[in-house]
Amino acid sequence: MPVSVLAVIVDCHDPRRQAEWWARVLGYEVNQRNPDEFQVSDSAGTAGSLYFMKVPEPKVGKNRL
């Protein structure tokens, strides 16, 4: 059975900055979904998306994916 990834969600301190950086690297677009929540996706909609969401607590330990 085929499986596909719909989205990868990243909790971060500065979601706009992270989203803009990844959009430049991947050649994708940034769309604001909600306050402090940004989606990075290709304009054709054929690949999975990256979602960057603000969290109030600082990072402690491993990456938050």
# chains A, B, ... in the order shown; residues from 1 in each chain; ligands from 1

$ residues_around --residues "Asp11 (chain A)" --least-positions-apart "6" --cutoff "12 Å" --atoms "only C-alpha atoms" --output "list in words"
Gln18, Ala19, Asp36, Glu37, Phe38, Leu50, Tyr51, Phe52, Met53, Lys54, Val55, Pro56, Glu57, Pro58, Lys59, Val60, Lys62, Asn63, Arg64 and Leu65 of chain A

$ select_by_dssp --residues "chain A" --states "strand (DSSP E or B)" --output "number ranges by chain"
A: 7-12, 29-34, 37-41, 49-54

$ write_last_selection --atoms "C-alpha atoms" --output "mmCIF file, in the first residue's frame"
data_model
loop_
_atom_site.group_PDB
_atom_site.id
_atom_site.type_symbol
_atom_site.label_atom_id
_atom_site.label_comp_id
_atom_site.auth_asym_id
_atom_site.auth_seq_id
_atom_site.Cartn_x
_atom_site.Cartn_y
_atom_site.Cartn_z
ATOM 1 C CA ALA A 7 2.927 17.648 6.073
ATOM 2 C CA VAL A 8 5.849 18.002 8.448
ATOM 3 C CA ILE A 9 5.110 20.268 11.412
ATOM 4 C CA VAL A 10 7.886 22.198 13.135
ATOM 5 C CA ASP A 11 7.417 23.903 16.504
ATOM 6 C CA CYS A 12 9.667 26.955 16.667
ATOM 7 C CA GLU A 29 5.680 29.660 -1.374
ATOM 8 C CA VAL A 30 4.870 30.849 2.140
ATOM 9 C CA ASN A 31 1.233 31.201 3.204
ATOM 10 C CA GLN A 32 0.071 32.400 6.594
ATOM 11 C CA ARG A 33 -2.525 29.928 7.841
ATOM 12 C CA ASN A 34 -3.275 31.427 11.280
ATOM 13 C CA GLU A 37 1.415 29.571 11.765
ATOM 14 C CA PHE A 38 2.935 29.428 8.284
ATOM 15 C CA GLN A 39 2.728 26.835 5.517
ATOM 16 C CA VAL A 40 5.544 26.292 3.020
ATOM 17 C CA SER A 41 4.428 24.431 -0.097
ATOM 18 C CA SER A 49 3.972 20.866 3.024
ATOM 19 C CA LEU A 50 6.021 22.195 5.878
ATOM 20 C CA TYR A 51 4.133 23.908 8.712
ATOM 21 C CA PHE A 52 5.936 26.206 11.132
ATOM 22 C CA MET A 53 4.076 26.962 14.367
ATOM 23 C CA LYS A 54 5.075 29.222 17.230
#

$ atom_distance --atom1 "CA of Ser4 (chain A)" --atom2 "CA of Gly48 (chain A)"
8.1 Å

$ select_by_dssp --residues "chain A" --states "alpha helix (DSSP H)" --output "PDB file with all heavy atoms, in the first residue's frame"
ATOM      1  N   PRO A  15       8.354  31.391  13.621  1.00  0.00           N
ATOM      2  CA  PRO A  15       7.873  30.618  12.484  1.00  0.00           C
ATOM      3  C   PRO A  15       7.943  31.349  11.142  1.00  0.00           C
ATOM      4  O   PRO A  15       8.213  30.735  10.120  1.00  0.00           O
ATOM      5  CB  PRO A  15       6.431  30.278  12.847  1.00  0.00           C
ATOM      6  CG  PRO A  15       6.043  31.264  13.880  1.00  0.00           C
ATOM      7  CD  PRO A  15       7.297  31.640  14.599  1.00  0.00           C
ATOM      8  N   ARG A  16       7.716  32.661  11.121  1.00  0.00           N
ATOM      9  CA  ARG A  16       7.799  33.392   9.848  1.00  0.00           C
ATOM     10  C   ARG A  16       9.215  33.308   9.265  1.00  0.00           C
ATOM     11  O   ARG A  16       9.401  33.030   8.091  1.00  0.00           O
ATOM     12  CB  ARG A  16       7.397  34.842  10.005  1.00  0.00           C
ATOM     13  CG  ARG A  16       7.511  35.619   8.681  1.00  0.00           C
ATOM     14  CD  ARG A  16       7.184  37.087   8.822  1.00  0.00           C
ATOM     15  NE  ARG A  16       5.833  37.320   9.234  1.00  0.00           N
ATOM     16  CZ  ARG A  16       4.788  37.419   8.414  1.00  0.00           C
ATOM     17  NH1 ARG A  16       4.957  37.276   7.119  1.00  0.00           N
ATOM     18  NH2 ARG A  16       3.583  37.653   8.892  1.00  0.00           N
ATOM     19  N   ARG A  17      10.189  33.553  10.100  1.00  0.00           N
ATOM     20  CA  ARG A  17      11.585  33.517   9.640  1.00  0.00           C
ATOM     21  C   ARG A  17      11.972  32.125   9.145  1.00  0.00           C
ATOM     22  O   ARG A  17      12.596  31.977   8.099  1.00  0.00           O
ATOM     23  CB  ARG A  17      12.493  33.957  10.780  1.00  0.00           C
ATOM     24  CG  ARG A  17      13.909  34.126  10.381  1.00  0.00           C
ATOM     25  CD  ARG A  17      14.678  34.783  11.505  1.00  0.00           C
ATOM     26  NE  ARG A  17      16.084  34.535  11.308  1.00  0.00           N
ATOM     27  CZ  ARG A  17      16.988  34.689  12.238  1.00  0.00           C
ATOM     28  NH1 ARG A  17      16.650  35.097  13.426  1.00  0.00           N
ATOM     29  NH2 ARG A  17      18.240  34.434  11.990  1.00  0.00           N
ATOM     30  N   GLN A  18      11.593  31.097   9.886  1.00  0.00           N
ATOM     31  CA  GLN A  18      11.878  29.724   9.469  1.00  0.00           C
ATOM     32  C   GLN A  18      11.188  29.397   8.144  1.00  0.00           C
ATOM     33  O   GLN A  18      11.791  28.810   7.243  1.00  0.00           O
ATOM     34  CB  GLN A  18      11.404  28.735  10.546  1.00  0.00           C
ATOM     35  CG  GLN A  18      12.205  28.775  11.815  1.00  0.00           C
ATOM     36  CD  GLN A  18      13.556  28.113  11.653  1.00  0.00           C
ATOM     37  OE1 GLN A  18      13.709  27.138  10.933  1.00  0.00           O
ATOM     38  NE2 GLN A  18      14.545  28.658  12.320  1.00  0.00           N
ATOM     39  N   ALA A  19       9.919  29.770   8.027  1.00  0.00           N
ATOM     40  CA  ALA A  19       9.160  29.486   6.803  1.00  0.00           C
ATOM     41  C   ALA A  19       9.770  30.193   5.600  1.00  0.00           C
ATOM     42  O   ALA A  19       9.908  29.597   4.523  1.00  0.00           O
ATOM     43  CB  ALA A  19       7.701  29.898   6.982  1.00  0.00           C
ATOM     44  N   GLU A  20      10.140  31.458   5.761  1.00  0.00           N
ATOM     45  CA  GLU A  20      10.728  32.197   4.643  1.00  0.00           C
ATOM     46  C   GLU A  20      12.050  31.585   4.206  1.00  0.00           C
ATOM     47  O   GLU A  20      12.339  31.500   3.013  1.00  0.00           O
ATOM     48  CB  GLU A  20      10.885  33.667   5.020  1.00  0.00           C
ATOM     49  CG  GLU A  20       9.551  34.373   5.107  1.00  0.00           C
ATOM     50  CD  GLU A  20       9.633  35.782   5.659  1.00  0.00           C
ATOM     51  OE1 GLU A  20      10.713  36.193   6.152  1.00  0.00           O
ATOM     52  OE2 GLU A  20       8.601  36.479   5.606  1.00  0.00           O
ATOM     53  N   TRP A  21      12.867  31.145   5.166  1.00  0.00           N
ATOM     54  CA  TRP A  21      14.147  30.534   4.818  1.00  0.00           C
ATOM     55  C   TRP A  21      13.934  29.241   4.030  1.00  0.00           C
ATOM     56  O   TRP A  21      14.534  29.039   2.979  1.00  0.00           O
ATOM     57  CB  TRP A  21      14.963  30.254   6.091  1.00  0.00           C
ATOM     58  CG  TRP A  21      16.359  29.822   5.787  1.00  0.00           C
ATOM     59  CD1 TRP A  21      17.432  30.620   5.602  1.00  0.00           C
ATOM     60  CD2 TRP A  21      16.823  28.468   5.605  1.00  0.00           C
ATOM     61  NE1 TRP A  21      18.543  29.861   5.321  1.00  0.00           N
ATOM     62  CE2 TRP A  21      18.200  28.537   5.317  1.00  0.00           C
ATOM     63  CE3 TRP A  21      16.205  27.231   5.655  1.00  0.00           C
ATOM     64  CZ2 TRP A  21      18.972  27.409   5.090  1.00  0.00           C
ATOM     65  CZ3 TRP A  21      16.981  26.100   5.428  1.00  0.00           C
ATOM     66  CH2 TRP A  21      18.335  26.187   5.152  1.00  0.00           C
ATOM     67  N   TRP A  22      13.068  28.357   4.521  1.00  0.00           N
ATOM     68  CA  TRP A  22      12.821  27.092   3.839  1.00  0.00           C
ATOM     69  C   TRP A  22      12.171  27.302   2.469  1.00  0.00           C
ATOM     70  O   TRP A  22      12.450  26.573   1.518  1.00  0.00           O
ATOM     71  CB  TRP A  22      11.990  26.157   4.708  1.00  0.00           C
ATOM     72  CG  TRP A  22      12.848  25.467   5.723  1.00  0.00           C
ATOM     73  CD1 TRP A  22      12.970  25.756   7.041  1.00  0.00           C
ATOM     74  CD2 TRP A  22      13.761  24.396   5.463  1.00  0.00           C
ATOM     75  NE1 TRP A  22      13.888  24.925   7.629  1.00  0.00           N
ATOM     76  CE2 TRP A  22      14.395  24.074   6.668  1.00  0.00           C
ATOM     77  CE3 TRP A  22      14.097  23.677   4.316  1.00  0.00           C
ATOM     78  CZ2 TRP A  22      15.346  23.066   6.770  1.00  0.00           C
ATOM     79  CZ3 TRP A  22      15.044  22.660   4.426  1.00  0.00           C
ATOM     80  CH2 TRP A  22      15.652  22.382   5.647  1.00  0.00           C
ATOM     81  N   ALA A  23      11.313  28.292   2.348  1.00  0.00           N
ATOM     82  CA  ALA A  23      10.689  28.583   1.050  1.00  0.00           C
ATOM     83  C   ALA A  23      11.743  29.001   0.032  1.00  0.00           C
ATOM     84  O   ALA A  23      11.702  28.570  -1.128  1.00  0.00           O
ATOM     85  CB  ALA A  23       9.634  29.674   1.200  1.00  0.00           C
ATOM     86  N   ARG A  24      12.694  29.829   0.446  1.00  0.00           N
ATOM     87  CA  ARG A  24      13.780  30.227  -0.475  1.00  0.00           C
ATOM     88  C   ARG A  24      14.621  29.026  -0.887  1.00  0.00           C
ATOM     89  O   ARG A  24      14.956  28.855  -2.058  1.00  0.00           O
ATOM     90  CB  ARG A  24      14.670  31.282   0.180  1.00  0.00           C
ATOM     91  CG  ARG A  24      14.108  32.679   0.105  1.00  0.00           C
ATOM     92  CD  ARG A  24      15.149  33.736   0.468  1.00  0.00           C
ATOM     93  NE  ARG A  24      15.826  33.494   1.733  1.00  0.00           N
ATOM     94  CZ  ARG A  24      15.400  33.897   2.923  1.00  0.00           C
ATOM     95  NH1 ARG A  24      14.279  34.559   3.025  1.00  0.00           N
ATOM     96  NH2 ARG A  24      16.100  33.642   4.003  1.00  0.00           N
ATOM     97  N   VAL A  25      14.978  28.190   0.073  1.00  0.00           N
ATOM     98  CA  VAL A  25      15.823  27.028  -0.204  1.00  0.00           C
ATOM     99  C   VAL A  25      15.127  26.054  -1.161  1.00  0.00           C
ATOM    100  O   VAL A  25      15.742  25.536  -2.091  1.00  0.00           O
ATOM    101  CB  VAL A  25      16.208  26.307   1.115  1.00  0.00           C
ATOM    102  CG1 VAL A  25      16.831  24.957   0.842  1.00  0.00           C
ATOM    103  CG2 VAL A  25      17.142  27.175   1.934  1.00  0.00           C
ATOM    104  N   LEU A  26      13.838  25.822  -0.946  1.00  0.00           N
ATOM    105  CA  LEU A  26      13.100  24.832  -1.734  1.00  0.00           C
ATOM    106  C   LEU A  26      12.429  25.410  -2.979  1.00  0.00           C
ATOM    107  O   LEU A  26      11.933  24.659  -3.817  1.00  0.00           O
ATOM    108  CB  LEU A  26      12.027  24.172  -0.855  1.00  0.00           C
ATOM    109  CG  LEU A  26      12.552  23.389   0.353  1.00  0.00           C
ATOM    110  CD1 LEU A  26      11.398  22.980   1.252  1.00  0.00           C
ATOM    111  CD2 LEU A  26      13.354  22.177  -0.109  1.00  0.00           C
TER     112      LEU A  26
END
